[in-house]
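Trainee: Structure file protein.cif (mmCIF, C-alpha atoms and all ligand atoms) is given on the next line.
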data_final
loop_
_atom_site.label_atom_id
_atom_site.label_comp_id
_atom_site.auth_asym_id
_atom_site.auth_seq_id
_atom_site.Cartn_x
_atom_site.Cartn_y
_atom_site.Cartn_z
CA MET V 1 77.21 93.99 29.51
CA ALA V 2 77.79 97.67 28.98
CA LEU V 3 81.22 99.23 28.91
CA ARG V 4 82.19 100.56 32.32
CA ALA V 5 81.28 104.18 31.67
CA VAL V 6 80.64 105.76 28.30
CA ALA V 7 79.68 109.08 26.83
CA GLU V 8 77.34 108.44 23.94
CA VAL V 9 77.34 111.37 21.54
CA ASN V 10 74.46 111.74 19.11
CA LEU V 11 75.91 113.44 16.06
CA ALA V 12 72.43 113.81 14.57
CA ALA V 13 71.56 116.04 17.55
CA ILE V 14 74.60 118.23 16.86
CA GLU V 15 73.58 118.41 13.23
CA ARG V 16 70.03 119.42 14.17
CA ASN V 17 71.28 122.00 16.67
CA ALA V 18 73.45 123.51 13.94
CA ALA V 19 70.46 123.59 11.60
CA ARG V 20 68.37 125.27 14.31
CA LEU V 21 71.04 127.93 14.78
CA CYS V 22 71.22 128.46 11.02
CA ALA V 23 67.47 128.95 10.91
CA ARG V 24 67.77 131.38 13.81
CA ILE V 25 70.46 133.56 12.18
CA GLY V 26 69.02 133.52 8.66
CA ALA V 27 70.57 132.83 5.29
CA HIS V 28 72.75 135.94 5.19
CA VAL V 29 74.70 135.05 8.39
CA ARG V 30 77.25 132.22 8.55
CA LEU V 31 77.63 129.69 11.34
CA CYS V 32 81.12 129.03 12.67
CA ALA V 33 81.17 125.84 14.77
CA VAL V 34 83.40 126.17 17.83
CA VAL V 35 84.98 122.77 18.46
CA LYS V 36 87.76 123.70 20.90
CA ALA V 37 88.61 121.49 23.89
CA ASP V 38 87.83 118.37 21.87
CA GLY V 39 84.45 119.72 20.87
CA TYR V 40 83.54 120.55 24.48
CA GLY V 41 84.34 116.94 25.31
CA HIS V 42 82.14 115.56 22.51
CA GLY V 43 84.99 114.74 20.10
CA ALA V 44 86.27 117.57 17.90
CA VAL V 45 86.37 115.87 14.51
CA PRO V 46 83.00 114.09 14.52
CA SER V 47 81.36 117.13 16.11
CA ALA V 48 82.84 119.40 13.43
CA ARG V 49 81.58 117.11 10.68
CA ALA V 50 78.11 116.97 12.22
CA ALA V 51 77.96 120.76 12.57
CA LEU V 52 79.06 121.20 8.96
CA ARG V 53 76.37 118.80 7.86
CA GLY V 54 73.88 120.91 9.80
CA GLY V 55 74.91 124.08 7.98
CA ALA V 56 78.05 125.43 9.66
CA VAL V 57 80.59 126.66 7.12
CA GLU V 58 83.58 127.52 9.30
CA LEU V 59 85.27 126.02 12.35
CA ALA V 60 86.96 127.58 15.36
CA VAL V 61 89.37 126.17 17.93
CA ALA V 62 91.49 127.60 20.73
CA THR V 63 94.93 126.21 19.91
CA ALA V 64 97.25 125.43 17.01
CA ALA V 65 97.24 121.74 17.93
CA GLU V 66 93.45 121.66 17.72
CA ALA V 67 93.59 123.21 14.24
CA GLY V 68 96.14 120.56 13.23
CA GLU V 69 93.89 117.76 14.45
CA LEU V 70 91.02 118.95 12.24
CA ARG V 71 93.27 119.28 9.19
CA ARG V 72 94.80 115.84 9.70
CA ALA V 73 91.28 114.44 9.72
CA GLY V 74 90.80 115.96 6.27
CA LEU V 75 88.56 118.91 7.11
CA SER V 76 89.20 121.66 4.58
CA GLU V 77 86.89 124.44 5.85
CA PRO V 78 88.33 127.70 7.19
CA ILE V 79 89.59 127.22 10.75
CA LEU V 80 89.94 130.19 13.07
CA VAL V 81 92.23 129.92 16.09
CA LEU V 82 90.53 132.01 18.77
CA GLY V 83 93.30 131.86 21.34
CA ALA V 84 96.71 133.40 21.76
CA ILE V 85 99.46 131.65 19.80
CA SER V 86 102.96 131.33 21.23
CA ALA V 87 106.03 131.48 18.99
CA GLU V 88 106.43 127.72 19.51
CA GLU V 89 102.88 127.01 18.32
CA LEU V 90 102.94 129.35 15.37
CA PRO V 91 104.51 126.98 12.79
CA ASP V 92 101.82 124.38 13.55
CA ALA V 93 99.06 126.94 13.15
CA VAL V 94 100.51 128.15 9.84
CA MET V 95 101.05 124.62 8.58
CA ALA V 96 97.40 123.89 9.34
CA GLY V 97 96.48 126.89 7.20
CA ALA V 98 94.52 128.29 10.12
CA GLU V 99 93.35 131.87 10.37
CA LEU V 100 94.65 133.63 13.44
CA THR V 101 93.30 136.16 15.91
CA VAL V 102 95.55 139.23 16.19
CA TRP V 103 95.63 142.34 18.34
CA ASP V 104 99.32 142.97 18.93
CA PRO V 105 101.59 144.80 16.42
CA ALA V 106 104.63 142.71 17.39
CA PHE V 107 102.69 139.51 16.71
CA VAL V 108 101.62 140.84 13.33
CA SER V 109 105.29 141.45 12.43
CA THR V 110 106.13 137.90 13.52
CA LEU V 111 103.31 136.62 11.32
CA ARG V 112 104.63 138.53 8.34
CA SER V 113 108.09 136.98 8.61
CA GLN V 114 106.60 133.56 9.29
CA ALA V 115 104.45 133.85 6.16
CA ARG V 116 107.46 134.96 4.11
CA ALA V 117 109.60 132.11 5.44
CA ARG V 118 106.95 129.57 4.56
CA GLN V 119 105.92 131.31 1.36
CA THR V 120 102.32 131.36 2.32
CA ARG V 121 99.66 133.90 3.13
CA ILE V 122 98.13 133.99 6.59
CA GLY V 123 94.53 135.02 7.14
CA VAL V 124 93.97 137.10 10.24
CA HIS V 125 91.06 138.45 12.26
CA VAL V 126 91.76 141.67 14.13
CA LYS V 127 90.26 141.54 17.59
CA LEU V 128 88.89 144.53 19.44
CA ASP V 129 88.51 144.12 23.18
CA SER V 130 85.19 145.89 23.60
CA GLY V 131 84.83 144.95 27.25
CA LEU V 132 85.64 141.32 28.03
CA GLY V 133 89.07 142.44 29.13
CA ARG V 134 90.88 139.31 28.02
CA LEU V 135 92.37 139.05 24.52
CA GLY V 136 92.27 141.85 21.96
CA THR V 137 93.25 145.48 22.18
CA ARG V 138 91.05 147.89 24.13
CA ASP V 139 92.30 150.71 21.94
CA ALA V 140 90.08 151.03 18.87
CA ARG V 141 92.67 153.25 17.21
CA GLN V 142 95.34 150.62 17.66
CA ALA V 143 92.98 147.99 16.29
CA LEU V 144 92.37 150.16 13.21
CA GLU V 145 96.10 150.72 12.87
CA LEU V 146 96.51 146.93 12.80
CA VAL V 147 93.79 146.64 10.18
CA ARG V 148 95.71 149.15 8.06
CA GLU V 149 98.96 147.24 8.51
CA VAL V 150 97.39 143.90 7.64
CA VAL V 151 95.73 145.36 4.54
CA ALA V 152 99.11 146.75 3.45
CA SER V 153 100.94 143.43 4.02
CA PRO V 154 101.02 141.15 1.00
CA GLU V 155 101.91 138.22 3.30
CA LEU V 156 98.69 138.65 5.27
CA HIS V 157 95.03 138.61 4.41
CA LEU V 158 92.46 140.51 6.45
CA SER V 159 89.80 137.83 6.84
CA GLY V 160 87.77 139.52 9.52
CA VAL V 161 87.30 141.72 12.53
CA MET V 162 85.90 140.45 15.78
CA THR V 163 85.09 140.98 19.40
CA HIS V 164 83.81 138.77 22.22
CA LEU V 165 80.99 139.54 24.64
CA ALA V 166 81.27 139.30 28.43
CA THR V 167 77.60 139.09 29.38
CA ALA V 168 75.58 137.73 26.47
CA ASP V 169 74.23 135.13 28.92
CA GLY V 170 73.23 137.84 31.39
CA ASP V 171 73.32 141.64 31.27
CA LEU V 172 72.31 142.62 27.75
CA VAL V 173 72.83 146.31 28.53
CA PHE V 174 76.57 145.78 28.90
CA ALA V 175 76.58 143.50 25.85
CA SER V 176 74.91 146.28 23.85
CA GLN V 177 77.53 148.78 24.97
CA GLN V 178 80.19 146.37 23.73
CA LEU V 179 78.36 146.08 20.42
CA ASP V 180 78.16 149.88 20.09
CA LEU V 181 81.97 150.00 20.25
CA PHE V 182 82.27 147.13 17.81
CA ASP V 183 79.78 148.72 15.37
CA THR V 184 82.04 151.75 14.98
CA PHE V 185 85.22 149.69 14.68
CA GLU V 186 83.63 147.32 12.18
CA ALA V 187 82.43 150.14 9.91
CA GLU V 188 85.84 151.82 9.96
CA ALA V 189 87.67 148.55 9.34
CA ARG V 190 85.38 147.76 6.41
CA ALA V 191 86.15 151.13 4.88
CA LEU V 192 89.89 150.39 5.09
CA ALA V 193 89.70 146.84 3.79
CA SER V 194 90.27 146.28 0.11
CA THR V 195 88.29 143.03 0.11
CA ASP V 196 85.19 141.77 1.83
CA ILE V 197 85.73 140.96 5.49
CA THR V 198 83.80 138.89 8.00
CA ALA V 199 82.67 140.72 11.14
CA HIS V 200 81.73 138.52 14.09
CA ALA V 201 80.92 138.94 17.75
CA ALA V 202 78.29 136.45 18.88
CA ASN V 203 78.79 133.34 20.99
CA SER V 204 75.89 130.92 21.58
CA ALA V 205 74.11 133.14 24.10
CA ALA V 206 74.28 136.18 21.82
CA THR V 207 73.19 134.07 18.86
CA LEU V 208 70.06 133.12 20.78
CA ARG V 209 69.34 136.41 22.56
CA LEU V 210 70.80 139.34 20.68
CA ASP V 211 70.08 139.64 16.96
CA ARG V 212 72.17 142.78 16.51
CA SER V 213 75.26 140.75 17.49
CA HIS V 214 75.04 138.43 14.50
CA PHE V 215 76.93 140.56 11.91
CA ASP V 216 78.31 138.29 9.13
CA MET V 217 78.93 135.21 11.25
CA VAL V 218 78.24 133.78 14.70
CA ARG V 219 80.67 131.59 16.68
CA ALA V 220 78.59 128.99 18.47
CA GLY V 221 79.95 126.31 20.76
CA ILE V 222 77.78 125.16 23.64
CA ALA V 223 74.50 125.44 21.74
CA LEU V 224 75.76 123.04 19.06
CA TYR V 225 76.17 120.38 21.69
CA GLY V 226 72.71 121.10 23.05
CA GLY V 227 73.98 122.85 26.16
CA ASP V 228 72.22 125.95 27.47
CA PRO V 229 74.52 128.98 27.52
CA MET V 230 72.35 130.36 30.32
CA ASN V 231 72.97 127.15 32.31
CA ARG V 232 69.27 126.46 32.77
CA ASP V 233 67.34 124.13 30.48
CA PRO V 234 68.47 123.61 26.88
CA ALA V 235 64.83 122.88 26.00
CA ASP V 236 64.08 126.59 26.63
CA HIS V 237 65.85 127.24 23.33
CA GLN V 238 64.80 124.06 21.51
CA LEU V 239 68.34 122.74 21.88
CA GLU V 240 68.85 119.02 21.98
CA PRO V 241 71.55 117.67 24.31
CA ALA V 242 73.87 115.44 22.29
CA LEU V 243 75.75 113.73 25.09
CA THR V 244 74.55 111.00 27.39
CA LEU V 245 76.82 109.83 30.22
CA ARG V 246 76.02 106.28 31.20
CA THR V 247 77.44 103.53 33.35
CA TYR V 248 75.89 100.50 35.06
CA VAL V 249 75.11 98.89 38.39
CA ALA V 250 78.24 96.92 39.28
CA ALA V 251 77.15 95.63 42.69
CA LEU V 252 74.12 95.66 44.99
CA LYS V 253 74.31 94.96 48.70
CA PRO V 254 72.34 95.59 51.83
CA ILE V 255 73.28 98.28 54.29
CA ALA V 256 72.14 98.28 57.93
CA VAL V 257 71.30 101.24 60.15
CA GLY V 258 74.55 102.88 61.26
CA GLU V 259 76.69 101.38 58.50
CA SER V 260 78.49 103.70 56.13
CA THR V 261 79.68 103.90 52.53
CA GLY V 262 82.83 105.35 51.04
CA TYR V 263 85.89 107.23 52.24
CA GLY V 264 85.46 109.33 55.34
CA ARG V 265 82.13 107.65 56.14
CA ARG V 266 80.38 110.64 54.62
CA PHE V 267 77.14 108.65 54.44
CA ILE V 268 75.78 106.71 57.40
CA SER V 269 72.55 104.90 56.70
CA GLN V 270 69.54 105.81 58.84
CA ARG V 271 67.58 102.83 57.57
CA GLU V 272 67.86 99.28 56.28
CA SER V 273 68.49 99.80 52.59
CA VAL V 274 70.42 98.65 49.55
CA ILE V 275 73.53 100.31 48.17
CA ALA V 276 74.37 100.17 44.47
CA THR V 277 78.00 100.62 43.58
CA ILE V 278 78.45 102.35 40.24
CA PRO V 279 81.82 102.27 38.47
CA ILE V 280 82.37 105.95 37.72
CA GLY V 281 84.26 108.49 39.80
CA TYR V 282 86.38 111.59 39.75
CA GLY V 283 88.87 109.78 37.51
CA ASP V 284 86.10 109.94 34.95
CA GLY V 285 85.27 113.57 35.65
CA LEU V 286 82.60 113.18 38.31
CA VAL V 287 84.07 115.64 40.76
CA ARG V 288 84.18 115.08 44.54
CA ALA V 289 82.02 118.14 45.09
CA LEU V 290 79.14 115.86 43.99
CA ALA V 291 79.54 113.78 47.19
CA ASN V 292 76.10 113.45 48.81
CA ASN V 293 75.01 115.98 46.18
CA CYS V 294 73.92 114.27 42.98
CA ASP V 295 71.25 112.00 41.58
CA VAL V 296 71.54 109.10 39.18
CA LEU V 297 68.81 107.59 37.04
CA ILE V 298 68.26 103.85 37.03
CA GLY V 299 65.29 102.06 35.51
CA GLY V 300 63.45 105.34 34.98
CA ARG V 301 63.82 106.37 38.63
CA ARG V 302 65.97 108.92 40.42
CA TYR V 303 68.26 107.86 43.29
CA PRO V 304 70.64 109.88 45.46
CA LEU V 305 74.39 109.47 45.37
CA CYS V 306 75.39 108.72 48.95
CA GLY V 307 78.78 109.33 50.47
CA MET V 308 82.02 110.34 48.84
CA VAL V 309 82.86 110.22 45.16
CA SER V 310 86.02 108.14 44.83
CA MET V 311 88.34 107.92 41.84
CA ASP V 312 86.62 104.95 40.28
CA ASN V 313 83.27 104.48 42.04
CA ILE V 314 80.25 106.10 43.55
CA THR V 315 77.60 104.58 45.79
CA VAL V 316 73.87 105.15 45.50
CA ASP V 317 71.12 104.48 48.02
CA VAL V 318 68.52 102.59 46.00
CA GLY V 319 66.09 101.92 48.84
CA PRO V 320 65.07 98.77 50.73
CA GLU V 321 63.58 96.74 47.90
CA PRO V 322 65.00 98.15 44.69
CA PRO V 323 63.56 96.93 41.39
CA LEU V 324 67.10 96.65 40.07
CA ARG V 325 69.66 94.14 39.03
CA VAL V 326 73.40 94.15 38.65
CA GLY V 327 74.13 95.24 35.08
CA ASP V 328 71.25 97.72 34.84
CA PRO V 329 72.19 100.90 32.97
CA VAL V 330 72.76 104.02 35.05
CA THR V 331 72.42 107.52 33.59
CA LEU V 332 74.34 110.50 34.95
CA ILE V 333 73.57 112.85 32.07
CA GLY V 334 70.64 112.04 29.84
CA VAL V 335 67.12 110.67 29.82
CA ASP V 336 65.84 107.49 31.42
CA GLY V 337 62.10 106.92 31.06
CA ALA V 338 60.31 109.99 32.37
CA GLU V 339 63.38 111.16 34.29
CA ARG V 340 65.97 113.49 32.83
CA GLN V 341 69.20 114.92 34.21
CA THR V 342 71.01 117.54 32.15
CA ALA V 343 74.63 118.60 32.27
CA GLU V 344 73.20 121.91 33.55
CA ASP V 345 71.53 120.09 36.48
CA LEU V 346 74.85 118.49 37.44
CA ALA V 347 76.73 121.75 36.93
CA GLN V 348 74.31 123.71 39.13
CA ARG V 349 74.90 121.27 41.98
CA ILE V 350 78.53 122.24 42.14
CA GLY V 351 78.34 125.90 41.21
CA THR V 352 79.59 125.57 37.66
CA ILE V 353 78.25 125.60 34.10
CA SER V 354 77.55 122.81 31.65
CA TYR V 355 80.61 123.86 29.60
CA GLU V 356 82.83 122.76 32.48
CA ALA V 357 80.77 119.67 33.26
CA PHE V 358 81.36 118.49 29.67
CA CYS V 359 85.06 119.32 29.72
CA LEU V 360 85.51 117.47 32.99
CA ILE V 361 84.50 114.12 31.44
CA SER V 362 87.92 112.54 31.28
CA LYS V 363 89.83 110.63 28.67
CA ARG V 364 89.06 107.38 30.46
CA VAL V 365 85.45 107.66 29.33
CA PRO V 366 85.16 106.47 25.73
CA ARG V 367 83.06 108.63 23.42
CA LEU V 368 80.72 106.47 21.38
CA HIS V 369 79.39 108.36 18.40
CA HIS V 370 76.05 107.50 16.86
CA ARG V 371 73.36 109.05 14.73
CA ASP V 372 70.00 108.65 16.48
CA GLY V 373 71.11 105.29 17.82
CA VAL V 374 72.95 104.02 14.75
CA PRO V 375 76.65 103.66 15.62
CA VAL V 376 79.16 105.55 13.50
CA ASP V 377 82.92 105.40 13.41
CA GLY V 378 84.01 108.20 15.72
CA ALA V 379 87.09 109.00 13.68
CA HIS V 380 85.05 109.71 10.61
CA GLY V 381 81.85 110.89 12.11
CA GLY V 382 79.63 109.02 9.69
C1 LIG A 1 84.61 129.57 23.16
C2 LIG A 1 84.35 130.80 22.37
C3 LIG A 1 83.13 130.95 21.68
C4 LIG A 1 81.98 129.99 21.81
O1 LIG A 1 81.26 130.25 23.01
P1 LIG A 1 79.89 129.48 23.35
O2 LIG A 1 79.37 130.22 24.51
O3 LIG A 1 80.28 128.08 23.66
O4 LIG A 1 79.04 129.57 22.15
C5 LIG A 1 82.99 132.06 20.86
N1 LIG A 1 83.98 132.96 20.74
C6 LIG A 1 85.15 132.85 21.41
C7 LIG A 1 86.21 133.90 21.24
C8 LIG A 1 85.37 131.78 22.26
O5 LIG A 1 86.51 131.68 22.93
#
Written as structure tokens, how would this file's structure read?
Ligand SMILES: *Cc1c(COP(=O)(O)O)cnc(C)c1O
Mentor:
Amino acid sequence: MALRAVAEVNLAAIERNAARLCARIGAHVRLCAVVKADGYGHGAVPSARAALRGGAVELAVATAAEAGELRRAGLSEPILVLGAISAEELPDAVMAGAELTVWDPAFVSTLRSQARARQTRIGVHVKLDSGLGRLGTRDARQALELVREVVASPELHLSGVMTHLATADGDLVFASQQLDLFDTFEAEARALASTDITAHAANSAATLRLDRSHFDMVRAGIALYGGDPMNRDPADHQLEPALTLRTYVAALKPIAVGESTGYGRRFISQRESVIATIPIGYGDGLVRALANNCDVLIGGRRYPLCGMVSMDNITVDVGPEPPLRVGDPVTLIGVDGAERQTAEDLAQRIGTISYEAFCLISKRVPRLHHRDGVPVDGAHGG
């Protein structure tokens, strides 16, 4: 019988998505695979390897620890840490030989002494906040000042300049205004730099929708995994979902009119029917907001989740004479016969995006990596 609940991750799909993005951006633009948050829940190391096989040439993560994980697995490509780095994390980031995102003069001074102490050279990307209002400096003059300082520091290497878009999945007018600011900054930074630098701005949505955002490199995350950055249907952009979330029918039993299932009696049956109990719950990342608000696929059919989501189980009304047996596979995310349920479908039910739906899948759910059905060792990614 199947494992209790598993996330099967098709690395060949990630590879093909990477290749599709490479075809989209053209030979003169590089693909940086964003594998933060354990590769959006798909497994950072195998996902990184698959993306590299598909044509990515750089990797990006959010934290120093994530950079360390990739290095320990033997990945030698450039790794960019996109997030802020605390003083405590800095040694790990430097030891991993990661490139760092900078926008603050005090941090740049810290980096210089850190590089001296460790007798190494740290690659940095100066970040302009062109409108996302999160990390980076809003002040283009300050950003240029930092570029100057980095160029003049023998301990540092100016690897690139960057910005991040707020609305690439929506309002392209605002995104274009951001890019106007970045255009100017990028040209001025390039003039100051003594070596070639990498300018980058695009996330997945911008990669797909906004050619002028591509510059020298795009940073794609969700699209690699076959998620739709617009939270609709990945097929709209020929993206192939890599992750399937499956479990199985653990029990089947009749329910009479007026009987209920689950905590709080949130489902009371209006008919004679059969309830399937499925061993997956919020402890696995299936949030309680999906109570009475989700479908599951069994035997190529769609059935409604009924009642509360508990930590370890859900219940499904499978109708009076279900063509099912205990042990049958159940699909939460994926394809079953002619039926399909995407991470975007689940996310829309609860007012979120597929990014979060993927990240919610908890550690209790093993990730089984395969290439088009052929199992591979997750640690090595085939
Ligand atoms: C996460 C992240 C990305 C990737 O975004 P997607 O929408 O998943 O492609 C790109 N750039 C930065 C700075 C990020 O934090």
Trainee: Would you mind listing the residues within 7 Å of ligand LIG 1 (chain A), counting all atoms listed in the file, as a list of chain:residue names?
Mentor: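 After applying the 7 Å limit, what remains is V:Val34, V:Ala62, V:Leu82, V:Gly83, V:His164, V:Ala202, V:Asn203, V:Ser204, V:Ala205, V:Arg219, V:Ala220, V:Gly221, V:Ile222, V:Ala223, V:Pro229.
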Trainee: Counting all atoms listed in the file, figure out which residue out of V:Glu15, V:Glu89, V:Asp228, V:Asp236 gets nearest to Arg53 (chain V).
Mentor: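 Comparing V:Glu15, V:Glu89, V:Asp228, V:Asp236 against Arg53 (chain V), the winner is V:Glu15.
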Trainee: Rank nothing, just name the residue among V:Asn293, V:Thr137, V:Gln177, V:Ser159 nearest to Gln348 (chain V), using all atoms listed in the file.
Mentor: V:Asn293
Trainee: Pro154 (chain V): which residues within 12 Å, counting all atoms listed in the file, same-chain residues fewer than 2 positions away excluded, as a ChimeraX atom specification?
Mentor: /V:111-113,115-116,119-123,148-152,156-158,194
Trainee: Measuring atom to atom with only C-alpha atoms, identify which of V:Val316, V:Ala56, V:Pro241, V:Met308 is nearest to Tyr225 (chain V).
Mentor: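 Looking only at the distances to Tyr225 (chain V), the closest residue turns out to be V:Pro241.
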Trainee: Write out as an mmCIF file with C-alpha atoms, in the coordinates of the input the residues lying within 7 Å of Glu8 (chain V), counting only C-alpha atoms and excluding same-chain residues fewer than 5 positions away.
Mentor:
data_model
loop_
_atom_site.group_PDB
_atom_site.id
_atom_site.type_symbol
_atom_site.label_atom_id
_atom_site.label_comp_id
_atom_site.auth_asym_id
_atom_site.auth_seq_id
_atom_site.Cartn_x
_atom_site.Cartn_y
_atom_site.Cartn_z
ATOM 1 C CA LEU V 243 75.750 113.730 25.090
ATOM 2 C CA THR V 244 74.550 111.000 27.390
ATOM 3 C CA LEU V 245 76.820 109.830 30.220
ATOM 4 C CA ARG V 367 83.060 108.630 23.420
ATOM 5 C CA LEU V 368 80.720 106.470 21.380
ATOM 6 C CA HIS V 369 79.390 108.360 18.400
#
Trainee: Which protein, DNA or RNA residues are at most 10 Å from (86.3, 118.6, 14.7) in the file's coordinates when you count only C-alpha atoms, listed as a PDB file with C-alpha atoms, keeping the file's coordinate frame?
Mentor:
ATOM      1  CA  ALA V  33      81.170 125.840  14.770  1.00  0.00           C
ATOM      2  CA  VAL V  34      83.400 126.170  17.830  1.00  0.00           C
ATOM      3  CA  VAL V  35      84.980 122.770  18.460  1.00  0.00           C
ATOM      4  CA  LYS V  36      87.760 123.700  20.900  1.00  0.00           C
ATOM      5  CA  ALA V  37      88.610 121.490  23.890  1.00  0.00           C
ATOM      6  CA  ASP V  38      87.830 118.370  21.870  1.00  0.00           C
ATOM      7  CA  GLY V  39      84.450 119.720  20.870  1.00  0.00           C
ATOM      8  CA  HIS V  42      82.140 115.560  22.510  1.00  0.00           C
ATOM      9  CA  GLY V  43      84.990 114.740  20.100  1.00  0.00           C
ATOM     10  CA  ALA V  44      86.270 117.570  17.900  1.00  0.00           C
ATOM     11  CA  VAL V  45      86.370 115.870  14.510  1.00  0.00           C
ATOM     12  CA  PRO V  46      83.000 114.090  14.520  1.00  0.00           C
ATOM     13  CA  SER V  47      81.360 117.130  16.110  1.00  0.00           C
ATOM     14  CA  ALA V  48      82.840 119.400  13.430  1.00  0.00           C
ATOM     15  CA  ARG V  49      81.580 117.110  10.680  1.00  0.00           C
ATOM     16  CA  ALA V  50      78.110 116.970  12.220  1.00  0.00           C
ATOM     17  CA  ALA V  51      77.960 120.760  12.570  1.00  0.00           C
ATOM     18  CA  LEU V  52      79.060 121.200   8.960  1.00  0.00           C
ATOM     19  CA  LEU V  59      85.270 126.020  12.350  1.00  0.00           C
ATOM     20  CA  ALA V  60      86.960 127.580  15.360  1.00  0.00           C
ATOM     21  CA  VAL V  61      89.370 126.170  17.930  1.00  0.00           C
ATOM     22  CA  GLU V  66      93.450 121.660  17.720  1.00  0.00           C
ATOM     23  CA  ALA V  67      93.590 123.210  14.240  1.00  0.00           C
ATOM     24  CA  GLU V  69      93.890 117.760  14.450  1.00  0.00           C
ATOM     25  CA  LEU V  70      91.020 118.950  12.240  1.00  0.00           C
ATOM     26  CA  ARG V  71      93.270 119.280   9.190  1.00  0.00           C
ATOM     27  CA  ALA V  73      91.280 114.440   9.720  1.00  0.00           C
ATOM     28  CA  GLY V  74      90.800 115.960   6.270  1.00  0.00           C
ATOM     29  CA  LEU V  75      88.560 118.910   7.110  1.00  0.00           C
ATOM     30  CA  ALA V 379      87.090 109.000  13.680  1.00  0.00           C
ATOM     31  CA  HIS V 380      85.050 109.710  10.610  1.00  0.00           C
ATOM     32  CA  GLY V 381      81.850 110.890  12.110  1.00  0.00           C
TER      33      GLY V 381
END
Trainee: With distances taken over all atoms listed in the file, which residue among V:Val287, V:Ala65, V:Leu135, V:Ile85 lies nearest Arg349 (chain V)?
Mentor: V:Val287
Trainee: Measure the distance from CA of Gly319 (chain V) to CA of Tyr263 (chain V) in Å and round it to one decimal.
Mentor: 20.8 Å
Trainee: Out of V:Arg301, V:Val257, V:Pro323, V:Thr315, which residue has the shortest atom-to-atom distance to Thr277 (chain V) when counting only C-alpha atoms?
Mentor: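 When distances to Thr277 (chain V) are compared using only C-alpha atoms, the smallest one comes from V:Thr315.
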Trainee: For the point (85.3, 145.9, 7.9) in file coordinates, what residues are within 10 Å, counting only C-alpha atoms? Give the answer as a ChimeraX atom specification?
Mentor: /V:126,144,147,158-162,183-199
Trainee: Out of V:Gly285, V:Gly351, V:Gly334, V:Gly327, which residue has the shortest atom-to-atom distance to Leu3 (chain V) when counting only C-alpha atoms?
Mentor: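 Among the listed residues, the smallest separation from Leu3 (chain V) belongs to V:Gly327.
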